[in-house]
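Below is my_file08.csv, holding CSV, C-alpha atoms and all ligand atoms.
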chain,number,residue,atom,x,y,z
Q,1,MET,CA,12.9,289.3,-24.2
Q,2,GLU,CA,9.3,288.4,-24.6
Q,3,LYS,CA,8.6,284.7,-24.9
Q,4,ASN,CA,7.3,283.1,-28.0
Q,5,ASN,CA,4.3,280.9,-28.4
Q,6,LEU,CA,4.8,277.4,-30.0
Q,7,PHE,CA,2.4,275.0,-31.6
Q,8,ASP,CA,4.2,271.9,-32.8
Q,9,LEU,CA,2.2,269.4,-34.8
Q,10,HIS,CA,4.4,266.4,-34.2
Q,11,CYS,CA,6.8,264.8,-31.8
Q,12,ASP,CA,7.6,261.2,-30.9
Q,13,THR,CA,8.5,262.0,-27.3
Q,14,LEU,CA,5.9,259.6,-25.8
Q,15,GLY,CA,7.8,256.7,-27.1
Q,16,VAL,CA,10.8,257.8,-25.0
Q,17,LEU,CA,8.9,259.0,-22.0
Q,18,TYR,CA,6.7,255.9,-21.5
Q,19,ARG,CA,8.8,253.2,-23.0
Q,20,SER,CA,7.6,250.0,-21.4
Q,21,GLY,CA,9.8,248.8,-18.5
Q,22,ARG,CA,11.8,252.0,-18.6
Q,23,GLU,CA,9.6,254.0,-16.2
Q,24,GLY,CA,11.5,256.2,-13.8
Q,25,CYS,CA,14.7,255.9,-15.7
Q,26,GLU,CA,16.6,259.0,-16.7
Q,27,ILE,CA,16.0,258.9,-20.4
Q,28,LYS,CA,17.5,261.6,-22.5
Q,29,THR,CA,15.0,263.2,-24.8
Q,30,GLN,CA,15.4,266.0,-27.4
Q,31,LEU,CA,12.1,267.5,-26.2
Q,32,ASP,CA,11.9,268.2,-22.5
Q,33,ILE,CA,8.3,269.2,-21.7
Q,34,GLU,CA,9.3,271.2,-18.5
Q,35,LYS,CA,12.0,273.1,-20.3
Q,36,CYS,CA,9.5,273.9,-23.2
Q,37,ALA,CA,7.0,275.1,-20.6
Q,38,LYS,CA,9.6,277.6,-19.3
Q,39,SER,CA,10.8,278.7,-22.8
Q,40,PHE,CA,7.4,279.4,-24.3
Q,41,ARG,CA,4.5,281.5,-23.2
Q,42,ALA,CA,1.8,279.3,-24.6
Q,43,TYR,CA,2.9,275.8,-25.7
Q,44,SER,CA,0.7,273.4,-27.6
Q,45,GLN,CA,2.2,270.1,-28.5
Q,46,VAL,CA,0.8,267.2,-30.5
Q,47,PHE,CA,2.2,264.0,-29.0
Q,48,ALA,CA,2.1,261.1,-31.5
Q,49,VAL,CA,1.9,257.4,-30.5
Q,50,TYR,CA,4.3,255.9,-33.0
Q,51,SER,CA,4.5,252.1,-33.5
Q,52,PRO,CA,8.1,251.0,-34.1
Q,53,ASP,CA,8.5,248.5,-36.9
Q,54,ARG,CA,9.5,245.7,-34.5
Q,55,LEU,CA,6.0,245.7,-33.0
Q,56,SER,CA,3.3,243.5,-34.6
Q,57,PRO,CA,-0.1,245.2,-35.2
Q,58,SER,CA,-1.4,243.7,-32.0
Q,59,GLU,CA,1.7,244.7,-30.0
Q,60,ALA,CA,1.3,248.2,-31.5
Q,61,TRP,CA,-2.3,248.3,-30.3
Q,62,ASP,CA,-1.2,247.3,-26.8
Q,63,ASN,CA,1.4,250.0,-26.9
Q,64,PHE,CA,-1.2,252.6,-27.8
Q,65,ILE,CA,-3.5,251.6,-24.9
Q,66,TYR,CA,-0.5,251.7,-22.5
Q,67,THR,CA,0.7,255.1,-23.8
Q,68,ARG,CA,-2.8,256.6,-23.8
Q,69,ASP,CA,-3.3,255.6,-20.1
Q,70,LYS,CA,0.1,257.1,-19.3
Q,71,ILE,CA,-0.5,260.4,-21.0
Q,72,SER,CA,-4.0,260.7,-19.6
Q,73,SER,CA,-2.6,260.8,-16.1
Q,74,HIS,CA,0.5,263.0,-16.9
Q,75,LYS,CA,0.5,266.3,-15.0
Q,76,PHE,CA,1.4,268.9,-17.6
Q,77,PRO,CA,2.6,272.5,-16.6
Q,78,GLU,CA,-0.2,275.1,-16.7
Q,79,ASN,CA,0.8,276.7,-20.1
Q,80,VAL,CA,1.1,273.3,-21.9
Q,81,THR,CA,-1.8,272.2,-24.1
Q,82,PRO,CA,-1.2,268.5,-25.1
Q,83,TYR,CA,-2.9,266.8,-28.0
Q,84,LEU,CA,-2.8,263.1,-28.9
Q,85,SER,CA,-2.3,261.7,-32.3
Q,86,ILE,CA,-1.5,258.2,-33.8
Q,87,GLU,CA,1.3,257.8,-36.3
Q,88,GLY,CA,0.5,254.9,-38.5
Q,89,GLY,CA,-2.8,253.0,-38.9
Q,90,LYS,CA,-1.1,249.6,-38.7
Q,91,LEU,CA,-2.3,249.2,-35.1
Q,92,LEU,CA,-5.9,249.2,-36.3
Q,93,ASP,CA,-5.1,245.7,-37.6
Q,94,GLY,CA,-8.2,245.8,-39.9
Q,95,LYS,CA,-10.5,246.1,-36.9
Q,96,TYR,CA,-13.0,248.8,-37.5
Q,97,GLU,CA,-14.3,248.9,-33.9
Q,98,ARG,CA,-10.9,250.1,-32.8
Q,99,LEU,CA,-11.7,253.5,-34.3
Q,100,ASP,CA,-14.3,254.1,-31.5
Q,101,THR,CA,-11.6,253.4,-28.9
Q,102,ILE,CA,-9.3,255.8,-30.6
Q,103,LYS,CA,-11.9,258.5,-30.8
Q,104,ASN,CA,-12.9,258.0,-27.2
Q,105,SER,CA,-9.3,258.1,-26.1
Q,106,GLY,CA,-9.1,261.7,-27.4
Q,107,VAL,CA,-7.0,261.1,-30.5
Q,108,CYS,CA,-7.4,264.1,-32.7
Q,109,ILE,CA,-5.1,263.3,-35.6
Q,110,LEU,CA,-4.5,260.0,-37.4
Q,111,THR,CA,-1.4,259.8,-39.6
Q,112,LEU,CA,-2.9,257.2,-41.9
Q,113,VAL,CA,0.3,255.2,-42.5
Q,114,TRP,CA,3.9,255.1,-41.6
Q,115,GLY,CA,6.0,252.8,-43.7
Q,116,GLY,CA,5.5,250.0,-46.2
Q,117,ILE,CA,1.9,248.6,-46.6
Q,118,CYS,CA,-0.5,248.0,-43.8
Q,119,CYS,CA,-4.2,247.4,-43.4
Q,120,VAL,CA,-4.9,251.1,-44.2
Q,121,GLY,CA,-2.8,251.2,-47.4
Q,122,GLY,CA,0.6,252.2,-48.8
Q,123,ALA,CA,3.1,254.6,-47.3
Q,124,HIS,CA,5.5,256.9,-49.2
Q,125,GLY,CA,7.8,255.0,-51.6
Q,126,THR,CA,5.0,252.6,-52.6
Q,127,ASP,CA,2.5,252.8,-55.4
Q,128,THR,CA,-0.3,251.6,-53.2
Q,129,GLY,CA,-3.3,253.7,-52.3
Q,130,PHE,CA,-6.0,252.9,-49.8
Q,131,THR,CA,-7.3,249.4,-49.1
Q,132,ASP,CA,-11.1,249.2,-48.8
Q,133,PHE,CA,-10.6,249.1,-45.0
Q,134,GLY,CA,-8.4,252.2,-45.3
Q,135,ARG,CA,-11.1,254.1,-47.1
Q,136,ASP,CA,-13.5,253.2,-44.3
Q,137,VAL,CA,-11.0,254.5,-41.8
Q,138,LEU,CA,-10.7,257.8,-43.6
Q,139,ARG,CA,-14.5,258.2,-43.8
Q,140,TYR,CA,-14.7,257.3,-40.1
Q,141,CYS,CA,-12.2,260.0,-39.3
Q,142,LEU,CA,-14.0,262.6,-41.3
Q,143,GLU,CA,-17.4,261.8,-39.7
Q,144,ASN,CA,-16.0,261.7,-36.2
Q,145,GLY,CA,-13.8,264.8,-35.9
Q,146,ILE,CA,-10.4,263.0,-36.3
Q,147,VAL,CA,-8.1,264.9,-38.7
Q,148,PRO,CA,-6.5,262.7,-41.4
Q,149,ASP,CA,-2.8,263.3,-41.8
Q,150,VAL,CA,-1.0,262.5,-45.1
Q,151,SER,CA,2.6,262.8,-43.9
Q,152,HIS,CA,4.1,259.4,-44.7
Q,153,ALA,CA,1.3,258.5,-47.2
Q,154,SER,CA,2.0,257.4,-50.8
Q,155,ASP,CA,1.3,259.9,-53.5
Q,156,LYS,CA,-1.6,257.7,-54.6
Q,157,MET,CA,-3.1,257.7,-51.0
Q,158,PHE,CA,-2.5,261.5,-50.9
Q,159,ARG,CA,-4.6,262.0,-54.1
Q,160,GLU,CA,-7.4,259.8,-52.8
Q,161,THR,CA,-7.4,261.5,-49.4
Q,162,ALA,CA,-7.7,264.9,-51.2
Q,163,GLU,CA,-10.6,263.7,-53.3
Q,164,ILE,CA,-12.6,262.1,-50.4
Q,165,CYS,CA,-12.0,265.1,-48.1
Q,166,LYS,CA,-13.3,267.4,-50.9
Q,167,LYS,CA,-16.5,265.4,-51.1
Q,168,TYR,CA,-16.9,265.7,-47.3
Q,169,SER,CA,-15.8,269.4,-47.3
Q,170,LYS,CA,-13.3,268.5,-44.6
Q,171,PRO,CA,-9.7,269.5,-44.3
Q,172,PHE,CA,-6.7,267.2,-44.1
Q,173,ILE,CA,-3.2,268.0,-42.9
Q,174,ALA,CA,0.5,267.0,-43.4
Q,175,SER,CA,1.7,267.2,-39.8
Q,176,HIS,CA,5.5,266.8,-40.6
Q,177,SER,CA,6.5,267.2,-44.3
Q,178,CYS,CA,8.7,269.6,-46.2
Q,179,SER,CA,8.9,270.8,-49.8
Q,180,ARG,CA,9.7,268.4,-52.6
Q,181,ALA,CA,10.6,271.3,-54.9
Q,182,ILE,CA,13.5,272.1,-52.5
Q,183,ARG,CA,14.4,268.5,-51.5
Q,184,LYS,CA,13.2,265.6,-53.7
Q,185,HIS,CA,12.0,263.1,-51.2
Q,186,THR,CA,8.9,260.9,-51.1
Q,187,ARG,CA,8.1,262.2,-47.6
Q,188,ASN,CA,7.9,265.7,-48.9
Q,189,LEU,CA,5.0,267.5,-50.7
Q,190,THR,CA,5.1,268.8,-54.3
Q,191,ASP,CA,3.8,272.4,-54.8
Q,192,ASP,CA,0.4,271.0,-56.0
Q,193,MET,CA,0.2,268.7,-52.9
Q,194,PHE,CA,0.9,271.7,-50.6
Q,195,LYS,CA,-1.8,273.7,-52.4
Q,196,SER,CA,-4.2,270.8,-52.2
Q,197,VAL,CA,-3.8,270.6,-48.4
Q,198,ALA,CA,-4.1,274.4,-48.0
Q,199,GLU,CA,-7.2,274.5,-50.2
Q,200,SER,CA,-8.9,271.9,-48.1
Q,201,GLY,CA,-8.4,274.2,-45.1
Q,202,GLY,CA,-5.6,272.1,-43.8
Q,203,ILE,CA,-2.1,273.0,-42.6
Q,204,VAL,CA,1.4,271.7,-43.2
Q,205,GLY,CA,4.0,271.3,-40.4
Q,206,ILE,CA,7.6,271.7,-41.5
Q,207,SER,CA,9.6,268.7,-40.4
Q,208,LEU,CA,13.1,269.0,-39.0
Q,209,ALA,CA,14.3,265.6,-40.3
Q,210,PRO,CA,17.7,266.4,-42.0
Q,211,SER,CA,16.9,263.8,-44.7
Q,212,HIS,CA,13.7,265.7,-45.7
Q,213,LEU,CA,15.6,269.0,-45.6
Q,214,SER,CA,18.7,268.4,-47.7
Q,215,ALA,CA,20.1,265.9,-50.2
Q,216,SER,CA,23.3,265.5,-48.2
Q,217,GLY,CA,21.4,264.5,-45.1
Q,218,ASN,CA,23.1,267.2,-43.1
Q,219,ALA,CA,21.0,270.2,-42.3
Q,220,ASP,CA,21.1,273.4,-40.4
Q,221,ALA,CA,18.5,276.1,-39.5
Q,222,GLY,CA,19.2,277.7,-42.9
Q,223,ASN,CA,17.8,274.6,-44.7
Q,224,VAL,CA,14.6,274.9,-42.7
Q,225,VAL,CA,14.3,278.6,-43.7
Q,226,ARG,CA,14.5,277.6,-47.4
Q,227,HIS,CA,11.6,275.1,-47.1
Q,228,ILE,CA,9.5,277.7,-45.2
Q,229,LYS,CA,10.2,280.4,-47.8
Q,230,HIS,CA,9.3,278.2,-50.6
Q,231,PHE,CA,5.9,277.2,-49.1
Q,232,LEU,CA,5.2,280.9,-48.3
Q,233,SER,CA,5.9,281.7,-51.9
Q,234,LEU,CA,3.0,279.5,-53.0
Q,235,GLY,CA,0.4,281.9,-51.7
Q,236,TYR,CA,-1.2,280.1,-48.7
Q,237,GLU,CA,0.7,281.7,-45.8
Q,238,SER,CA,-1.8,280.6,-43.2
Q,239,ALA,CA,-1.2,276.9,-44.0
Q,240,VAL,CA,2.4,276.9,-42.9
Q,241,ALA,CA,3.2,275.6,-39.5
Q,242,LEU,CA,5.8,273.5,-37.6
Q,243,GLY,CA,5.8,269.7,-37.2
Q,244,CYS,CA,9.3,269.3,-35.7
Q,245,ASP,CA,9.4,265.6,-35.0
Q,246,TYR,CA,11.7,265.9,-32.0
Q,247,ASP,CA,12.5,262.4,-30.6
Q,248,GLY,CA,11.5,261.0,-34.0
Q,249,ILE,CA,14.7,262.1,-35.7
Q,250,GLU,CA,18.3,261.0,-35.0
Q,251,THR,CA,20.0,264.3,-35.2
Q,252,PRO,CA,18.1,267.6,-35.5
Q,253,PRO,CA,19.5,270.3,-37.7
Q,254,THR,CA,22.4,272.3,-36.4
Q,255,GLY,CA,21.1,275.2,-34.4
Q,256,LEU,CA,17.8,273.4,-33.7
Q,257,GLU,CA,19.0,270.7,-31.4
Q,258,SER,CA,16.0,271.2,-29.0
Q,259,PRO,CA,12.7,273.2,-29.1
Q,260,GLU,CA,14.2,275.9,-26.9
Q,261,ARG,CA,16.5,276.8,-29.8
Q,262,LEU,CA,13.4,277.8,-31.8
Q,263,ALA,CA,13.6,281.3,-30.2
Q,264,GLU,CA,16.8,282.0,-32.1
Q,265,PHE,CA,15.3,280.4,-35.2
Q,266,LYS,CA,12.5,283.0,-35.1
Q,267,THR,CA,15.2,285.7,-35.2
Q,268,LEU,CA,16.7,283.9,-38.2
Q,269,LEU,CA,13.3,283.9,-40.0
Q,270,LYS,CA,13.1,287.7,-39.5
Q,271,ALA,CA,16.7,288.1,-40.8
Q,272,ASN,CA,15.5,286.3,-43.9
Q,273,GLY,CA,12.8,288.8,-44.6
Q,274,ILE,CA,9.9,287.0,-42.9
Q,275,SER,CA,7.7,289.5,-41.0
Q,276,ASP,CA,6.8,289.2,-37.3
Q,277,ALA,CA,3.2,288.4,-38.1
Q,278,THR,CA,4.2,285.7,-40.6
Q,279,ALA,CA,6.7,284.2,-38.2
Q,280,ASP,CA,4.1,284.3,-35.4
Q,281,GLY,CA,1.7,282.5,-37.7
Q,282,ILE,CA,4.2,279.7,-38.5
Q,283,PHE,CA,5.1,279.3,-34.8
Q,284,TYR,CA,1.6,279.3,-33.4
Q,285,ASN,CA,-1.2,281.2,-34.8
Q,286,ASN,CA,-1.9,279.2,-38.0
Q,287,ALA,CA,-2.1,275.9,-36.1
Q,288,ARG,CA,-4.1,277.5,-33.3
Q,289,ALA,CA,-6.6,278.8,-35.8
Q,290,PHE,CA,-6.9,275.4,-37.5
Q,291,PHE,CA,-7.5,273.7,-34.2
Q,292,GLU,CA,-10.1,276.2,-33.1
Q,293,THR,CA,-11.9,276.3,-36.4
Q,294,ASN,CA,-12.2,272.5,-36.4
Q,295,ASN,CA,-13.0,272.3,-32.7
Q,296,ILE,CA,-10.1,270.0,-32.0
Q,297,LYS,CA,-9.8,269.3,-28.3
Q,298,PRO,CA,-6.7,268.6,-26.2
Q,299,ILE,CA,-6.3,265.4,-24.1
Q,300,ASN,CA,-8.5,265.4,-21.0
Q,301,ALA,CA,-10.5,268.4,-22.2
U,401,ZN,ZN,6.9,260.5,-38.9

If you took the structure in this file and wrote it as structure tokens, what would it be?
Amino acid sequence: MEKNNLFDLHCDTLGVLYRSGREGCEIKTQLDIEKCAKSFRAYSQVFAVYSPDRLSPSEAWDNFIYTRDKISSHKFPENVTPYLSIEGGKLLDGKYERLDTIKNSGVCILTLVWGGICCVGGAHGTDTGFTDFGRDVLRYCLENGIVPDVSHASDKMFRETAEICKKYSKPFIASHSCSRAIRKHTRNLTDDMFKSVAESGGIVGISLAPSHLSASGNADAGNVVRHIKHFLSLGYESAVALGCDYDGIETPPTGLESPERLAEFKTLLKANGISDATADGIFYNNARAFFETNNIKPINA
């Protein structure tokens, strides 16, 4: 069987791979880079540096520097294209000059916030938009080729991001979010939000977090299909991508326990009336086109 291509907009695997003091240990991860390299023909993966809640902003910054140094010297298989992102602006700690370090480290996506309220502004579930500093962060990103990511943002921050990006004629993305019409959750996008991302030229990665997929918190591959079909029905097919969040979720949906299972998932999409070309777009081509159009470079490029 011919191998698929995969472009995944989000995983938290770095936190498992490079956990301080755990180097060289056998750590079980959901996403095994070597296995993915064998399972897919071309494999592009955005690796997020996520700051656990227990870290203070300054510890989170140290963790970013540590992780950046680790991934910069990681030897990836030939067919793997790694990209670096930051999940949560908390680690900026209100220090504008850190943005230069981030940019020079090859970070191509900044997920503006993660949880609660930080120096950038409010996350989902809060009524807080950007702080003044946060607005400066967004402008810096738009002026310096870092793509703003509204997954985890409050609705207020989402709206402000959309407005500012429009003024700049720049796209923004939601790297790992599902449909709020299918599952009412503050982490998911309403139809208007999805359209707003798509109209900016951005893309939306479907998350595999069961809590985003279904109200019961239990999910299988069929739940993922429902979110994809809903987004496809909104008329912006080339904006639909995958942002699986392996190693960021406790239990992936049944049938999608690891990225290798995505090959079967593609068959399921087809069984649900999704064409080969559309499925190829979701798996790889849509994200590939977005990264090419916006001249987004992998780590060490
Ligand atoms: Zn996340």

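Taking CA of Ile282 in chain Q and CA of Thr13 in chain Q as endpoints, the distance between them is 21.4 Å.
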
Dump as a tab-separated table the rows for residues of chain Q within 9 Å of ligand ZN 401 (chain U): closest atom pair and distance in Å with one decimal, all atoms listed in the file counted, ordered by chain and rising residue number.
residue	atom	partner	partner_atom	distance
Q:His10	CA	U:ZN401	ZN	7.9
Q:Cys11	CA	U:ZN401	ZN	8.3
Q:Asp12	CA	U:ZN401	ZN	8.1
Q:Ala48	CA	U:ZN401	ZN	8.8
Q:Tyr50	CA	U:ZN401	ZN	7.9
Q:Glu87	CA	U:ZN401	ZN	6.7
Q:Gly88	CA	U:ZN401	ZN	8.5
Q:Thr111	CA	U:ZN401	ZN	8.4
Q:Trp114	CA	U:ZN401	ZN	6.7
Q:Ser151	CA	U:ZN401	ZN	7.0
Q:His152	CA	U:ZN401	ZN	6.5
Q:Ser175	CA	U:ZN401	ZN	8.5
Q:His176	CA	U:ZN401	ZN	6.7
Q:Ser177	CA	U:ZN401	ZN	8.6
Q:Arg187	CA	U:ZN401	ZN	8.9
Q:Ser207	CA	U:ZN401	ZN	8.8
Q:Asp245	CA	U:ZN401	ZN	6.9
Q:Gly248	CA	U:ZN401	ZN	6.7
Q:Ile249	CA	U:ZN401	ZN	8.6

Which residues are near Tyr140 in chain Q? Cut-off 10 Å, only C-alpha atoms, ignore same chain within fewer than 6 positions. Put them as a PyMOL selection string. chain Q and resi 96+99-100+103+134+146+148

Do a neighbour search on Gly201 in chain Q at 6 Å with all atoms listed in the file, toss out local chain neighbours closer than 2 positions, and write the hits as a ChimeraX atom specification. /Q:171,198-199

Mind pulling up the distance from CA of Gly202 in chain Q to CA of Lys170 in chain Q?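 CA of Lys170 in chain Q sits 8.5 Å away from CA of Gly202 in chain Q.
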
Å distance separating CA of Asp8 in chain Q from CA of Leu91 in chain Q, one decimal place: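 A separation of 23.7 Å between them.
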
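Checking Q:Gly94, Q:Gly222, Q:Gly125, Q:Pro298 one by one against Thr267 in chain Q, counting all atoms listed in the file, you find the shortest gap at Q:Gly222.
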
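Restricting the calculation to only C-alpha atoms, the smallest distance between Ser154 in chain Q and any of Q:His74, Q:Arg98, Q:His124, Q:Arg41 is found for Q:His124.
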
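Of the residues listed (Q:His230, Q:Lys38, Q:Lys156, Q:Lys166), Q:Lys38 shows the shortest atom-to-atom separation from Glu78 in chain Q; distances use only C-alpha atoms.
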
Find the residues near Leu110 in chain Q: any atom within 6 Å, counting only C-alpha atoms, skip ones fewer than 6 places away on the same chain, and give them as a VMD selection string. chain Q and resid 85 to 86 148 to 149

Could you save the residues just selected, with C-alpha atoms, as a PDB file, keeping the file's coordinate frame?
ATOM      1  CA  SER Q  85      -2.300 261.700 -32.300  1.00  0.00           C
ATOM      2  CA  ILE Q  86      -1.500 258.200 -33.800  1.00  0.00           C
ATOM      3  CA  PRO Q 148      -6.500 262.700 -41.400  1.00  0.00           C
ATOM      4  CA  ASP Q 149      -2.800 263.300 -41.800  1.00  0.00           C
TER       5      ASP Q 149
END

As a ChimeraX atom specification, please: the residues near Tyr83 in chain Q (cut-off 10 Å, only C-alpha atoms, same-chain neighbours under 3 positions excluded). /Q:8-10,44-48,71,80,106-109,296-301

Test item: residues at most 7 Å from range 56-64 of chain Q, only C-alpha atoms, excluding those fewer than 3 positions along its chain, as a PyMOL selection string: chain Q and resi 49+51+67-68+90-91+93

Quick one: write out the picked residues with C-alpha atoms as a compact mmCIF listing (two decimals), in the coordinates of the input?
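Okay, this is what ended up in result17.txt:
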# COMPACT_ATOMS: atom_id res chain seq x y z
CA VAL Q 49 1.90 257.40 -30.50
CA SER Q 51 4.50 252.10 -33.50
CA THR Q 67 0.70 255.10 -23.80
CA ARG Q 68 -2.80 256.60 -23.80
CA LYS Q 90 -1.10 249.60 -38.70
CA LEU Q 91 -2.30 249.20 -35.10
CA ASP Q 93 -5.10 245.70 -37.60

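Shortest separation to Ser179 in chain Q among Q:Leu208, Q:Ile117, Q:Leu112, Q:Leu92 occurs at residue Q:Leu208, atoms counted being all atoms listed in the file.
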
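Minimum atom-to-atom distances from Q:His227, Q:Lys270, Q:Arg261, Q:His185 to Leu31 in chain Q were compared using all atoms listed in the file, and the lowest value belongs to Q:Arg261.
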
Which is closer to Ala153 in chain Q than all the others in Q:Pro210, Q:Gly115, Q:Gly235, Q:Pro82, using only C-alpha atoms? Q:Gly115

Could you tell me, as a PyMOL selection string, which residues have any atom at most 12 Å from (-4.0, 281.4, -32.8), counting all atoms listed in the file? chain Q and resi 5-7+42-44+238+241+277+280-293

Restricted to C-alpha atoms, what would the selected residues look like written as a CSV table (one decimal), keeping the file's coordinate frame?
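Saved the output as part.csv:
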chain,number,residue,atom,x,y,z
Q,5,ASN,CA,4.3,280.9,-28.4
Q,6,LEU,CA,4.8,277.4,-30.0
Q,7,PHE,CA,2.4,275.0,-31.6
Q,42,ALA,CA,1.8,279.3,-24.6
Q,43,TYR,CA,2.9,275.8,-25.7
Q,44,SER,CA,0.7,273.4,-27.6
Q,238,SER,CA,-1.8,280.6,-43.2
Q,241,ALA,CA,3.2,275.6,-39.5
Q,277,ALA,CA,3.2,288.4,-38.1
Q,280,ASP,CA,4.1,284.3,-35.4
Q,281,GLY,CA,1.7,282.5,-37.7
Q,282,ILE,CA,4.2,279.7,-38.5
Q,283,PHE,CA,5.1,279.3,-34.8
Q,284,TYR,CA,1.6,279.3,-33.4
Q,285,ASN,CA,-1.2,281.2,-34.8
Q,286,ASN,CA,-1.9,279.2,-38.0
Q,287,ALA,CA,-2.1,275.9,-36.1
Q,288,ARG,CA,-4.1,277.5,-33.3
Q,289,ALA,CA,-6.6,278.8,-35.8
Q,290,PHE,CA,-6.9,275.4,-37.5
Q,291,PHE,CA,-7.5,273.7,-34.2
Q,292,GLU,CA,-10.1,276.2,-33.1
Q,293,THR,CA,-11.9,276.3,-36.4
